[in-house]
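Source file: final-v7.cif (mmCIF, C-alpha atoms and all ligand atoms)
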```cif
data_coords
#
loop_
_atom_site.label_atom_id
_atom_site.label_comp_id
_atom_site.auth_asym_id
_atom_site.auth_seq_id
_atom_site.Cartn_x
_atom_site.Cartn_y
_atom_site.Cartn_z
CA VAL A 1 0.00 0.00 0.00
CA LEU A 2 1.42 3.37 -0.98
CA GLY A 3 2.04 6.05 1.61
CA ILE A 4 -1.31 7.82 1.59
CA GLY A 5 -2.77 6.25 4.71
CA SER A 6 -4.04 9.40 6.36
CA LEU A 7 -5.94 10.37 3.23
CA TYR A 8 -7.63 7.06 2.49
CA GLU A 9 -8.23 5.46 5.88
CA GLN A 10 -5.52 2.88 5.25
CA THR A 11 -5.00 2.55 8.99
CA LYS A 12 -8.37 0.83 9.40
CA MET A 13 -8.10 -2.95 9.71
CA PHE A 14 -9.73 -5.28 7.24
CA THR A 15 -8.92 -8.66 5.72
CA TYR A 16 -7.58 -9.06 2.21
CA ASP A 17 -9.10 -12.27 0.83
CA PRO A 18 -9.08 -12.47 -2.98
CA GLY A 19 -11.85 -14.76 -4.19
CA PHE A 20 -13.33 -14.83 -0.64
CA THR A 21 -11.74 -18.19 0.13
CA SER A 22 -12.12 -17.70 3.87
CA THR A 23 -14.52 -14.81 4.34
CA ALA A 24 -18.15 -15.46 5.30
CA SER A 25 -20.38 -12.78 3.80
CA CYS A 26 -23.51 -13.67 5.75
CA GLU A 27 -25.20 -16.00 8.20
CA SER A 28 -27.50 -18.51 6.50
CA SER A 29 -29.68 -21.41 7.61
CA ILE A 30 -30.53 -22.69 4.15
CA THR A 31 -27.71 -24.91 2.86
CA PHE A 32 -24.75 -26.62 4.52
CA ILE A 33 -21.72 -28.01 2.69
CA ASP A 34 -18.90 -30.03 4.19
CA GLY A 35 -16.45 -29.96 1.30
CA ASP A 36 -13.95 -32.33 2.90
CA GLU A 37 -16.55 -35.02 3.50
CA GLY A 38 -18.59 -34.38 0.35
CA VAL A 39 -21.78 -33.52 2.25
CA LEU A 40 -24.57 -31.25 1.01
CA LEU A 41 -27.64 -30.56 3.17
CA HIS A 42 -30.63 -28.35 2.48
CA ARG A 43 -32.26 -27.23 5.74
CA GLY A 44 -30.57 -30.29 7.27
CA TYR A 45 -31.76 -32.86 4.71
CA PRO A 46 -29.08 -34.70 2.66
CA ILE A 47 -29.20 -34.03 -1.07
CA GLU A 48 -29.19 -37.80 -1.72
CA GLN A 49 -32.51 -38.22 0.16
CA LEU A 50 -34.12 -35.17 -1.41
CA ALA A 51 -33.12 -36.32 -4.91
CA GLU A 52 -34.29 -39.87 -4.26
CA HIS A 53 -37.61 -39.21 -2.53
CA GLY A 54 -38.58 -35.59 -3.13
CA ASP A 55 -39.67 -33.57 -6.10
CA PHE A 56 -38.38 -30.19 -7.16
CA LEU A 57 -41.32 -28.12 -5.92
CA GLU A 58 -41.07 -29.84 -2.55
CA VAL A 59 -37.41 -28.79 -2.40
CA CYS A 60 -38.43 -25.26 -3.44
CA TYR A 61 -40.87 -25.17 -0.51
CA LEU A 62 -38.18 -26.47 1.83
CA LEU A 63 -35.66 -23.86 0.72
CA LEU A 64 -38.15 -21.01 0.95
CA TYR A 65 -39.97 -21.92 4.17
CA GLY A 66 -37.39 -23.99 6.05
CA GLU A 67 -39.50 -27.16 6.48
CA LEU A 68 -40.79 -29.91 4.21
CA PRO A 69 -44.45 -29.26 3.36
CA THR A 70 -47.35 -31.35 4.61
CA ALA A 71 -49.47 -32.92 1.86
CA ALA A 72 -51.94 -30.00 2.09
CA GLN A 73 -49.16 -27.40 2.03
CA LYS A 74 -47.56 -29.11 -0.95
CA LYS A 75 -50.84 -29.17 -2.87
CA ASP A 76 -51.42 -25.49 -2.15
CA PHE A 77 -47.82 -24.56 -3.07
CA ASP A 78 -47.91 -26.51 -6.35
CA TYR A 79 -51.21 -24.82 -7.20
CA ARG A 80 -49.81 -21.36 -6.47
CA VAL A 81 -46.72 -21.99 -8.62
CA VAL A 82 -48.84 -23.35 -11.48
CA HIS A 83 -50.95 -20.20 -11.19
CA HIS A 84 -47.99 -18.06 -12.17
CA THR A 85 -46.47 -19.98 -15.08
CA MET A 86 -47.81 -17.72 -17.83
CA VAL A 87 -45.80 -14.66 -18.79
CA HIS A 88 -47.41 -11.48 -20.06
CA GLU A 89 -48.05 -11.74 -23.79
CA GLN A 90 -45.92 -8.66 -24.35
CA MET A 91 -42.92 -10.69 -23.18
CA SER A 92 -43.08 -12.69 -26.39
CA ARG A 93 -42.53 -9.47 -28.32
CA PHE A 94 -39.61 -8.68 -26.09
CA PHE A 95 -37.96 -11.92 -27.25
CA THR A 96 -38.20 -10.96 -30.89
CA GLY A 97 -35.90 -8.00 -30.26
CA PHE A 98 -32.96 -10.37 -29.91
CA ARG A 99 -30.86 -11.66 -32.79
CA ARG A 100 -32.23 -15.08 -33.59
CA ASP A 101 -28.80 -16.67 -33.12
CA ALA A 102 -28.28 -15.00 -29.71
CA HIS A 103 -27.05 -17.29 -26.94
CA PRO A 104 -30.08 -18.29 -24.81
CA MET A 105 -28.24 -17.15 -21.66
CA ALA A 106 -27.94 -13.64 -23.15
CA VAL A 107 -31.68 -13.75 -23.84
CA MET A 108 -32.38 -14.96 -20.29
CA CYS A 109 -30.35 -12.12 -18.74
CA GLY A 110 -32.49 -9.64 -20.66
CA CYS A 111 -35.88 -11.30 -20.27
CA VAL A 112 -35.65 -12.06 -16.57
CA GLY A 113 -34.45 -8.52 -15.89
CA ALA A 114 -37.40 -7.30 -17.96
CA LEU A 115 -39.84 -8.99 -15.56
CA SER A 116 -39.14 -6.03 -13.27
CA ALA A 117 -40.87 -3.85 -15.87
CA PHE A 118 -43.88 -6.19 -16.06
CA TYR A 119 -44.75 -6.95 -12.44
CA HIS A 120 -44.90 -3.74 -10.42
CA ASP A 121 -47.19 -5.28 -7.81
CA SER A 122 -44.51 -7.56 -6.34
CA THR A 123 -41.53 -5.30 -5.96
CA ASP A 124 -42.07 -3.69 -2.53
CA ILE A 125 -39.38 -5.69 -0.78
CA THR A 126 -40.45 -4.47 2.68
CA ASP A 127 -43.75 -6.38 2.30
CA PRO A 128 -43.34 -10.17 3.01
CA HIS A 129 -46.45 -10.95 0.95
CA GLN A 130 -45.08 -9.14 -2.10
CA ARG A 131 -41.74 -10.86 -1.62
CA MET A 132 -43.43 -14.26 -1.66
CA VAL A 133 -45.46 -13.36 -4.77
CA ALA A 134 -42.22 -12.28 -6.49
CA SER A 135 -40.59 -15.56 -5.39
CA LEU A 136 -43.43 -17.72 -6.72
CA ARG A 137 -43.54 -15.73 -9.94
CA MET A 138 -39.84 -16.28 -10.43
CA ILE A 139 -39.97 -20.05 -9.78
CA ALA A 140 -43.05 -20.43 -11.97
CA LYS A 141 -42.02 -18.26 -14.90
CA MET A 142 -38.43 -19.46 -15.29
CA PRO A 143 -39.41 -22.70 -17.12
CA THR A 144 -41.70 -20.71 -19.40
CA LEU A 145 -39.00 -18.16 -20.19
CA ALA A 146 -36.30 -20.82 -20.56
CA ALA A 147 -38.49 -22.79 -22.98
CA MET A 148 -39.29 -19.60 -24.90
CA ALA A 149 -35.56 -18.82 -25.15
CA TYR A 150 -35.03 -22.33 -26.53
CA LYS A 151 -37.88 -22.15 -29.02
CA TYR A 152 -36.73 -18.73 -30.18
CA HIS A 153 -33.20 -20.05 -30.54
CA ILE A 154 -34.33 -22.89 -32.84
CA GLY A 155 -36.95 -20.85 -34.68
CA GLN A 156 -40.06 -22.69 -33.50
CA PRO A 157 -43.28 -21.15 -32.14
CA PHE A 158 -43.62 -20.78 -28.38
CA VAL A 159 -45.55 -23.49 -26.53
CA TYR A 160 -47.72 -22.23 -23.68
CA PRO A 161 -47.66 -23.89 -20.25
CA LYS A 162 -50.09 -26.75 -19.65
CA ASN A 163 -50.70 -26.55 -15.99
CA ASP A 164 -52.18 -29.96 -15.27
CA LEU A 165 -48.65 -31.32 -15.81
CA ASP A 166 -46.01 -31.43 -13.11
CA TYR A 167 -43.23 -28.82 -13.17
CA ALA A 168 -40.62 -30.87 -15.07
CA SER A 169 -43.10 -32.43 -17.52
CA ASN A 170 -44.57 -29.03 -18.27
CA PHE A 171 -41.09 -27.70 -19.02
CA LEU A 172 -40.17 -30.63 -21.30
CA ARG A 173 -43.42 -30.18 -23.17
CA MET A 174 -42.87 -26.43 -23.63
CA CYS A 175 -39.41 -27.24 -25.04
CA PHE A 176 -40.13 -30.24 -27.24
CA ALA A 177 -43.78 -30.13 -28.33
CA VAL A 178 -44.29 -28.95 -31.89
CA PRO A 179 -47.51 -27.72 -33.56
CA CYS A 180 -49.82 -30.35 -35.09
CA GLU A 181 -48.11 -33.25 -33.30
CA GLU A 182 -49.12 -34.84 -30.05
CA TYR A 183 -46.39 -34.75 -27.43
CA VAL A 184 -46.48 -37.29 -24.63
CA VAL A 185 -44.03 -36.71 -21.79
CA ASN A 186 -41.91 -39.74 -20.90
CA PRO A 187 -42.22 -40.05 -17.08
CA VAL A 188 -38.69 -41.47 -16.69
CA LEU A 189 -37.21 -38.50 -18.54
CA ALA A 190 -39.43 -36.07 -16.62
CA ARG A 191 -38.24 -37.60 -13.34
CA ALA A 192 -34.62 -37.22 -14.51
CA MET A 193 -35.28 -33.58 -15.41
CA ASP A 194 -36.84 -33.00 -12.01
CA ARG A 195 -33.84 -34.59 -10.30
CA ILE A 196 -31.46 -32.36 -12.27
CA PHE A 197 -33.46 -29.37 -11.00
CA ILE A 198 -33.18 -30.65 -7.41
CA LEU A 199 -29.41 -31.11 -7.73
CA HIS A 200 -28.97 -27.51 -8.85
CA ALA A 201 -31.50 -25.86 -6.53
CA ASP A 202 -29.08 -24.24 -4.10
CA HIS A 203 -25.41 -24.31 -3.17
CA GLU A 204 -24.94 -21.66 -0.47
CA GLN A 205 -22.69 -18.65 -1.19
CA ASN A 206 -21.37 -19.48 -4.67
CA ALA A 207 -20.54 -16.64 -7.09
CA SER A 208 -24.03 -16.20 -8.56
CA THR A 209 -25.81 -16.43 -5.19
CA SER A 210 -23.40 -13.92 -3.71
CA THR A 211 -24.10 -11.72 -6.74
CA VAL A 212 -27.84 -11.90 -6.08
CA ARG A 213 -27.30 -11.07 -2.41
CA LEU A 214 -24.95 -8.19 -3.22
CA ALA A 215 -27.33 -6.77 -5.81
CA GLY A 216 -30.26 -7.21 -3.43
CA SER A 217 -28.41 -5.60 -0.52
CA SER A 218 -28.99 -2.19 -2.09
CA GLY A 219 -32.75 -2.83 -2.06
CA ALA A 220 -32.83 -3.48 -5.81
CA ASN A 221 -35.81 -5.00 -7.59
CA PRO A 222 -35.92 -8.82 -7.06
CA PHE A 223 -36.28 -9.67 -10.75
CA ALA A 224 -33.26 -7.49 -11.56
CA CYS A 225 -31.28 -9.24 -8.78
CA ILE A 226 -32.04 -12.66 -10.31
CA ALA A 227 -30.98 -11.34 -13.73
CA ALA A 228 -27.64 -10.37 -12.12
CA GLY A 229 -27.33 -13.93 -10.80
CA ILE A 230 -27.99 -15.34 -14.27
CA ALA A 231 -25.28 -13.11 -15.74
CA CYS A 232 -22.77 -14.34 -13.17
CA LEU A 233 -23.76 -17.98 -13.58
CA TRP A 234 -23.01 -17.83 -17.29
CA GLY A 235 -19.22 -17.89 -16.83
CA PRO A 236 -17.37 -21.14 -17.65
CA ALA A 237 -15.83 -21.32 -14.17
CA HIS A 238 -19.38 -21.50 -12.73
CA GLY A 239 -22.62 -22.60 -14.42
CA GLY A 240 -21.12 -22.46 -17.89
CA ALA A 241 -18.96 -25.46 -16.94
CA ASN A 242 -21.65 -28.00 -17.96
CA GLU A 243 -21.57 -26.65 -21.51
CA ALA A 244 -17.77 -26.47 -21.43
CA ALA A 245 -17.52 -30.04 -20.05
CA LEU A 246 -19.58 -31.52 -22.86
CA ASN A 247 -17.66 -29.49 -25.45
CA MET A 248 -14.44 -30.85 -23.95
CA LEU A 249 -15.66 -34.48 -24.09
CA THR A 250 -16.67 -33.92 -27.71
CA GLU A 251 -13.26 -32.42 -28.47
CA ILE A 252 -11.45 -35.35 -26.84
CA GLY A 253 -13.50 -37.54 -29.16
CA THR A 254 -11.99 -40.94 -28.39
CA VAL A 255 -10.80 -42.69 -25.22
CA ASP A 256 -7.24 -43.03 -26.53
CA ARG A 257 -6.82 -39.24 -26.59
CA ILE A 258 -7.56 -38.85 -22.86
CA PRO A 259 -3.87 -39.00 -21.73
CA GLU A 260 -3.10 -36.06 -24.02
CA TYR A 261 -5.76 -33.96 -22.24
CA ILE A 262 -4.70 -35.12 -18.79
CA ALA A 263 -1.16 -34.02 -19.64
CA ARG A 264 -2.43 -30.64 -20.81
CA ALA A 265 -4.43 -30.16 -17.59
CA LYS A 266 -1.24 -30.77 -15.59
CA ASP A 267 0.94 -28.47 -17.70
CA LYS A 268 1.50 -25.18 -15.86
CA ASN A 269 2.12 -23.39 -19.16
CA ASP A 270 -1.17 -24.54 -20.66
CA PRO A 271 -4.30 -22.68 -19.48
CA PHE A 272 -6.40 -25.78 -20.26
CA ARG A 273 -8.40 -27.24 -17.35
CA LEU A 274 -10.45 -30.40 -17.24
CA MET A 275 -13.94 -28.92 -17.24
CA GLY A 276 -16.28 -30.47 -14.70
CA PHE A 277 -13.35 -31.19 -12.36
CA GLY A 278 -12.49 -29.32 -9.20
CA HIS A 279 -14.52 -27.17 -6.88
CA ARG A 280 -13.79 -24.30 -4.53
CA VAL A 281 -15.46 -26.03 -1.59
CA TYR A 282 -15.56 -29.77 -2.38
CA LYS A 283 -12.18 -31.37 -1.81
CA ASN A 284 -13.89 -34.73 -2.08
CA TYR A 285 -16.39 -36.19 -4.53
CA ASP A 286 -19.24 -33.71 -5.16
CA PRO A 287 -22.27 -35.66 -3.84
CA ARG A 288 -24.36 -34.25 -6.69
CA ALA A 289 -21.95 -35.74 -9.26
CA LYS A 290 -22.68 -39.27 -8.01
CA ILE A 291 -26.45 -38.78 -8.36
CA MET A 292 -25.92 -37.15 -11.74
CA GLN A 293 -23.86 -40.09 -12.96
CA LYS A 294 -26.68 -42.47 -11.95
CA THR A 295 -29.25 -40.22 -13.64
CA ALA A 296 -27.15 -40.20 -16.84
CA HIS A 297 -27.24 -44.02 -16.91
CA GLU A 298 -31.02 -44.04 -16.29
CA VAL A 299 -31.70 -41.57 -19.10
CA LEU A 300 -29.44 -43.36 -21.59
CA GLY A 301 -31.01 -46.70 -20.59
CA GLU A 302 -34.54 -45.36 -21.05
CA LEU A 303 -33.65 -43.97 -24.47
CA GLY A 304 -31.99 -47.22 -25.47
CA ILE A 305 -28.62 -45.53 -26.00
CA LYS A 306 -26.33 -48.45 -25.29
CA ASP A 307 -22.96 -47.06 -26.26
CA ASP A 308 -22.67 -43.33 -25.85
CA PRO A 309 -19.06 -42.49 -26.80
CA LEU A 310 -19.17 -39.36 -24.64
CA LEU A 311 -20.24 -41.36 -21.58
CA ASP A 312 -17.44 -43.85 -22.27
CA ILE A 313 -14.93 -40.99 -22.45
CA ALA A 314 -16.34 -39.43 -19.26
CA ILE A 315 -16.11 -42.68 -17.28
CA GLU A 316 -12.57 -43.37 -18.47
CA LEU A 317 -11.49 -39.77 -17.89
CA GLU A 318 -12.86 -39.92 -14.36
CA ARG A 319 -11.12 -43.25 -13.73
CA ILE A 320 -7.74 -41.97 -14.92
CA ALA A 321 -8.04 -38.62 -13.13
CA LEU A 322 -8.99 -40.23 -9.83
CA THR A 323 -5.84 -42.35 -9.89
CA ASP A 324 -3.51 -39.61 -11.10
CA ASP A 325 -1.15 -38.02 -8.55
CA TYR A 326 -1.81 -34.47 -9.77
CA PHE A 327 -5.56 -34.75 -9.29
CA ILE A 328 -5.21 -36.64 -6.01
CA GLU A 329 -2.79 -34.10 -4.58
CA LYS A 330 -4.95 -31.13 -5.61
CA LYS A 331 -8.12 -32.94 -4.54
CA LEU A 332 -9.78 -32.48 -7.92
CA TYR A 333 -12.89 -34.63 -8.25
CA PRO A 334 -15.74 -34.52 -10.77
CA ASN A 335 -18.31 -31.86 -9.90
CA VAL A 336 -22.03 -31.76 -10.73
CA ASP A 337 -21.33 -30.41 -14.19
CA PHE A 338 -19.26 -33.36 -15.32
CA TYR A 339 -22.17 -35.72 -15.98
CA SER A 340 -25.01 -33.21 -16.37
CA GLY A 341 -24.04 -32.34 -19.95
CA ILE A 342 -24.27 -35.96 -21.09
CA THR A 343 -27.69 -36.29 -19.47
CA LEU A 344 -29.03 -33.03 -20.87
CA LYS A 345 -27.76 -33.88 -24.35
CA ALA A 346 -29.55 -37.23 -24.18
CA LEU A 347 -32.72 -35.45 -23.08
CA GLY A 348 -32.51 -33.48 -26.33
CA PHE A 349 -31.06 -30.13 -25.25
CA PRO A 350 -28.32 -28.41 -27.25
CA THR A 351 -25.24 -27.36 -25.24
CA THR A 352 -26.28 -23.70 -25.41
CA MET A 353 -29.28 -24.53 -23.19
CA PHE A 354 -27.32 -26.27 -20.43
CA THR A 355 -26.58 -23.19 -18.36
CA VAL A 356 -30.13 -21.95 -18.89
CA LEU A 357 -31.38 -25.13 -17.21
CA PHE A 358 -28.97 -24.54 -14.35
CA ALA A 359 -30.31 -20.98 -13.98
CA LEU A 360 -33.89 -22.25 -14.03
CA ALA A 361 -33.17 -24.62 -11.14
CA ARG A 362 -30.93 -22.26 -9.16
CA THR A 363 -33.57 -19.51 -9.21
CA VAL A 364 -35.19 -20.95 -6.08
CA GLY A 365 -31.85 -20.91 -4.26
CA TRP A 366 -31.21 -17.33 -5.29
CA ILE A 367 -34.67 -16.18 -4.24
CA ALA A 368 -34.58 -18.08 -0.93
CA GLN A 369 -31.20 -16.51 -0.13
CA TRP A 370 -32.46 -13.10 -1.19
CA ASN A 371 -35.48 -13.45 1.13
CA GLU A 372 -33.27 -14.57 3.99
CA MET A 373 -31.04 -11.55 3.48
CA ILE A 374 -33.93 -9.06 3.40
CA GLU A 375 -35.37 -10.57 6.59
CA ASP A 376 -32.04 -10.38 8.41
CA PRO A 377 -32.21 -7.46 10.91
CA ASP A 378 -28.41 -7.03 10.60
CA GLN A 379 -28.56 -6.74 6.82
CA ARG A 380 -26.55 -3.84 5.41
CA ILE A 381 -25.55 -2.93 1.91
CA GLY A 382 -22.71 -5.21 0.77
CA ARG A 383 -19.61 -3.10 0.38
CA PRO A 384 -16.29 -4.99 0.08
CA ARG A 385 -13.10 -3.09 0.84
CA GLN A 386 -9.96 -3.03 -1.31
CA LEU A 387 -6.21 -2.76 -1.01
CA TYR A 388 -5.33 0.31 -3.04
CA THR A 389 -2.20 -0.24 -5.17
CA GLY A 390 -2.42 2.78 -7.48
CA ALA A 391 -0.55 6.07 -7.70
CA PRO A 392 -0.06 8.19 -4.56
CA LEU A 393 -1.51 11.70 -4.30
CA ARG A 394 -0.28 13.88 -7.17
CA GLU A 395 -1.00 17.23 -8.84
CA TYR A 396 -3.21 17.50 -11.90
CA VAL A 397 -1.17 18.40 -15.03
CA PRO A 398 -3.01 20.54 -17.60
CA LEU A 399 -3.42 18.90 -21.02
CA SER A 400 -1.07 21.41 -22.72
CA LYS A 401 1.77 20.46 -20.35
CA ARG A 402 1.55 16.65 -20.70
N1 LIG A 501 -8.13 -29.05 -14.23
C1 LIG A 501 -6.79 -28.97 -13.96
N2 LIG A 501 -6.28 -28.33 -12.89
C2 LIG A 501 -7.14 -27.72 -12.06
C3 LIG A 501 -8.53 -27.77 -12.27
C4 LIG A 501 -9.01 -28.46 -13.40
N3 LIG A 501 -10.33 -28.53 -13.66
N4 LIG A 501 -9.17 -27.08 -11.29
C5 LIG A 501 -8.20 -26.63 -10.48
N5 LIG A 501 -6.97 -27.01 -10.94
C6 LIG A 501 -5.68 -26.74 -10.30
C7 LIG A 501 -5.27 -25.30 -10.54
O1 LIG A 501 -4.45 -25.16 -11.69
C8 LIG A 501 -4.53 -24.97 -9.27
O2 LIG A 501 -3.22 -25.48 -9.38
P1 LIG A 501 -1.99 -24.73 -8.63
O3 LIG A 501 -2.28 -24.88 -7.17
O4 LIG A 501 -0.80 -25.53 -9.07
O5 LIG A 501 -2.00 -23.32 -9.10
C9 LIG A 501 -5.25 -25.78 -8.20
O6 LIG A 501 -5.88 -26.86 -8.89
C10 LIG A 501 -6.32 -24.98 -7.46
O7 LIG A 501 -7.16 -24.39 -8.42
P2 LIG A 501 -7.85 -22.96 -8.21
O8 LIG A 501 -8.26 -22.40 -9.53
O9 LIG A 501 -6.99 -22.11 -7.33
O10 LIG A 501 -9.12 -23.40 -7.38
P3 LIG A 501 -10.43 -22.55 -7.21
O11 LIG A 501 -11.06 -23.03 -5.97
O12 LIG A 501 -10.15 -21.09 -7.32
O13 LIG A 501 -11.28 -22.94 -8.51
C11 LIG A 501 -12.79 -24.03 -9.96
C12 LIG A 501 -12.31 -23.84 -8.51
C13 LIG A 501 -13.02 -22.64 -10.62
C14 LIG A 501 -14.10 -24.78 -9.97
C15 LIG A 501 -11.69 -24.81 -10.75
O14 LIG A 501 -11.50 -26.08 -10.16
C16 LIG A 501 -12.04 -24.96 -12.23
O15 LIG A 501 -11.73 -24.04 -13.01
N6 LIG A 501 -12.67 -26.10 -12.64
C17 LIG A 501 -13.09 -26.28 -14.01
C18 LIG A 501 -14.38 -25.54 -14.25
C19 LIG A 501 -15.57 -26.19 -13.56
O16 LIG A 501 -15.78 -27.39 -13.65
N7 LIG A 501 -16.41 -25.35 -12.91
C20 LIG A 501 -17.63 -25.81 -12.25
C21 LIG A 501 -17.57 -25.53 -10.80
S1 LIG A 501 -18.98 -26.24 -10.01
C22 LIG A 501 -20.25 -25.23 -10.36
O17 LIG A 501 -20.16 -24.05 -10.57
C23 LIG A 501 -21.55 -25.87 -10.36
#
```
Transcribe the structure of this file into structure tokens.
Amino acid sequence: VLGIGSLYEQTKMFTYDPGFTSTASCESSITFIDGDEGVLLHRGYPIEQLAEHGDFLEVCYLLLYGELPTAAQKKDFDYRVVHHTMVHEQMSRFFTGFRRDAHPMAVMCGCVGALSAFYHDSTDITDPHQRMVASLRMIAKMPTLAAMAYKYHIGQPFVYPKNDLDYASNFLRMCFAVPCEEYVVNPVLARAMDRIFILHADHEQNASTSTVRLAGSSGANPFACIAAGIACLWGPAHGGANEAALNMLTEIGTVDRIPEYIARAKDKNDPFRLMGFGHRVYKNYDPRAKIMQKTAHEVLGELGIKDDPLLDIAIELERIALTDDYFIEKKLYPNVDFYSGITLKALGFPTTMFTVLFALARTVGWIAQWNEMIEDPDQRIGRPRQLYTGAPLREYVPLSKR
């Protein structure tokens, strides 16, 4: 730090923690991770049990309200979400303003932010009722918007929600139904979709959730805060990793080329990283990756895909990496994104939609964390400090003398 302490309060104490590796930004009772043991709990319930026995809307209820719903509460919650799945018809015109080859994540950033211009009656964040309406709207409308982004991307007409279907089935139908043809949702695939949503629902203070909290700490509109989270999620080091992981598997192409890529990942002079490997918090197997691997097998089995070359490469890559000294020493294990791409591809989604699906599922986590922050009596605007490393105080030089 340069010698300007008295001018810029440099004498005040604060921690310097790039990337926030050891700084807690908040107290939270929503999600617990033990990265060394590979444990993930939502409100105390293990992710394995929620993914096995629960459904996504049940997990949404749990994240928002803190307890699993009774049967009556679940029925009421599902009904209220279904009630909000439509988006204003003007939204469809909003979509047409985008280039038709725009990345669906770019479209989602714009469209979700635009909800703030459509729903003025749920933006008073001091009113718990309005906050809950905004939360339900967000959870309900994300599948509709995500499906619209997909349909726009591939040049097909939008499919409206059909609200006697469950959340995941409704989404699959909005994505894959085409005019003049009957579309019957495969329950095994719908269950896999639902499980993928559960696995991505929340993950405590990751980059996008922290972004939502930071944006929300100024009292900003909730829809705009979620749009900020979507923008952050898009990066390849975060939610964009599922797209990057599948692209990497495709690039590897054949099992015999894996050693070449392992060598590149270990080479300090090569910026290449094995996508879908490593995690800031998990220094053990990501528990979601195990469930995702099982889901990938179920989906491929249901679709009768016996030999998926990408799955073969993934399994072999994982096997080699898990026995390699570099990966063992750095505690690099597959994360949730490693197998999700293979599953989503088999379900029929192009890679450009992968991060959109992540955003759809993570919306409940973002909104639950946002609500928790607003309700916190100690909540203050988020305002990180910095270590100034620039020029010391100096005199302005007029343009003619420079
Ligand atoms: N391949 C090869 N080496 C890796 C990888 C990888 N995927 N990930 C980390 N490393 C190495 C780094 O080079 C570094 O080595 P060094 O100590 O010799 O410098 C060491 O492991 C630690 O890596 P950092 O980048 O410091 O770890 P950080 O916690 O900051 O990053 C991250 C975590 C971003 C997830 C990283 O592991 C990564 O880039 N992985 C690939 C992208 C990915 O899969 N992201 C998804 C994350 S999960 C999610 O968002 C749902």
Point to revise | Pick from A:His129, A:Lys151, A:Lys306, A:Arg264, whichever lies nearest to ligand LIG 501 (chain A) using all atoms listed in the file | key: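 Ranked by minimum distance to ligand LIG 501 (chain A), first place goes to A:Arg264.
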Please give me, as a short mmCIF file (atom, residue, chain, number, x, y, z; two decimals) with C-alpha atoms, keeping the file's coordinate frame, the residues lying within 7 Å of ligand LIG 501 (chain A) when counting all atoms listed in the file.
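What landed in selection-v3.cif:
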```cif
data_model
loop_
_atom_site.label_atom_id
_atom_site.label_comp_id
_atom_site.auth_asym_id
_atom_site.auth_seq_id
_atom_site.Cartn_x
_atom_site.Cartn_y
_atom_site.Cartn_z
CA PRO A 236 -17.37 -21.14 -17.65
CA ALA A 237 -15.83 -21.32 -14.17
CA HIS A 238 -19.38 -21.50 -12.73
CA GLY A 239 -22.62 -22.60 -14.42
CA ALA A 241 -18.96 -25.46 -16.94
CA ALA A 265 -4.43 -30.16 -17.59
CA LYS A 266 -1.24 -30.77 -15.59
CA ARG A 273 -8.40 -27.24 -17.35
CA LEU A 274 -10.45 -30.40 -17.24
CA MET A 275 -13.94 -28.92 -17.24
CA GLY A 276 -16.28 -30.47 -14.70
CA PHE A 277 -13.35 -31.19 -12.36
CA GLY A 278 -12.49 -29.32 -9.20
CA HIS A 279 -14.52 -27.17 -6.88
CA ARG A 280 -13.79 -24.30 -4.53
CA VAL A 281 -15.46 -26.03 -1.59
CA LYS A 330 -4.95 -31.13 -5.61
CA LEU A 332 -9.78 -32.48 -7.92
CA ASN A 335 -18.31 -31.86 -9.90
CA VAL A 336 -22.03 -31.76 -10.73
CA ASP A 337 -21.33 -30.41 -14.19
#
```
Check your understanding: Excluding same-chain residues fewer than 2 positions from Gly301 in chain A, what lies within 12 Å of it counting only C-alpha atoms, as a PyMOL selection string?
Key -> chain A and resi 188-189+192+294-299+303-308+343+346-347
Point to revise | Among listed residues A:Pro334, A:Gly253, A:Pro350, A:Pro309, nearest Lys290 in chain A (using all atoms listed in the file) | key: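 Smallest distance to Lys290 in chain A is found for A:Pro334.
When all atoms listed in the file are used to measure the gap to Asp286 in chain A, the shortest distance among A:Pro143, A:Gly35, A:Gly341, A:Pro377 belongs to A:Gly35.
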Check your understanding: Which is closer to Tyr339 in chain A than all the others in A:Ala146, A:Leu63, A:Ala289, A:Leu40, using all atoms listed in the file?
Key ->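 Closest residue, counting all atoms listed in the file: A:Ala289.
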Review point. Could you pull the residues within 9 Å of Phe32 in chain A, counting only C-alpha atoms, minus those fewer than 5 positions along the same chain, as a PyMOL selection string?
Key: chain A and resi 39-44+203-204
Practice item. Go through A:Met142, A:Ile252, A:Val178, A:Leu399 one by one, measure the shortest atom-to-atom distance of each to Gly113 in chain A using only C-alpha atoms, and give the residue with the smallest value. Key: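 Ranking A:Met142, A:Ile252, A:Val178, A:Leu399 by distance to Gly113 in chain A, first place goes to A:Met142.
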Check your understanding: Which residue, A:Leu214, A:Leu344, A:Ala147, A:Ala224, has the smallest gap to Tyr119 in chain A when you use all atoms listed in the file?
Key -> A:Ala224
Check your understanding: What does the distance between CA of His153 in chain A and CA of Pro104 in chain A come to in Å, to one decimal place?
Key ->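 For CA of His153 in chain A relative to CA of Pro104 in chain A, the distance reads 6.8 Å.
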Review point. If we count all atoms listed in the file, what is near Asp202 in chain A at a cut-off of 9 Å, once residues fewer than 4 positions away on the same chain are taken out, given as number ranges by chain?
Key: A: 30-31, 42, 63, 198, 209, 361-366, 368-369
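Protein, DNA and RNA residues at most 12 Å from (-11.3, -16.2, -5.0), with only C-alpha atoms, are these: A:Tyr16, A:Asp17, A:Pro18, A:Gly19, A:Phe20, A:Thr21, A:Ser22, A:Thr23, A:Asn206, A:Ala207, A:Ala237, A:His279, A:Arg280, A:Val281.
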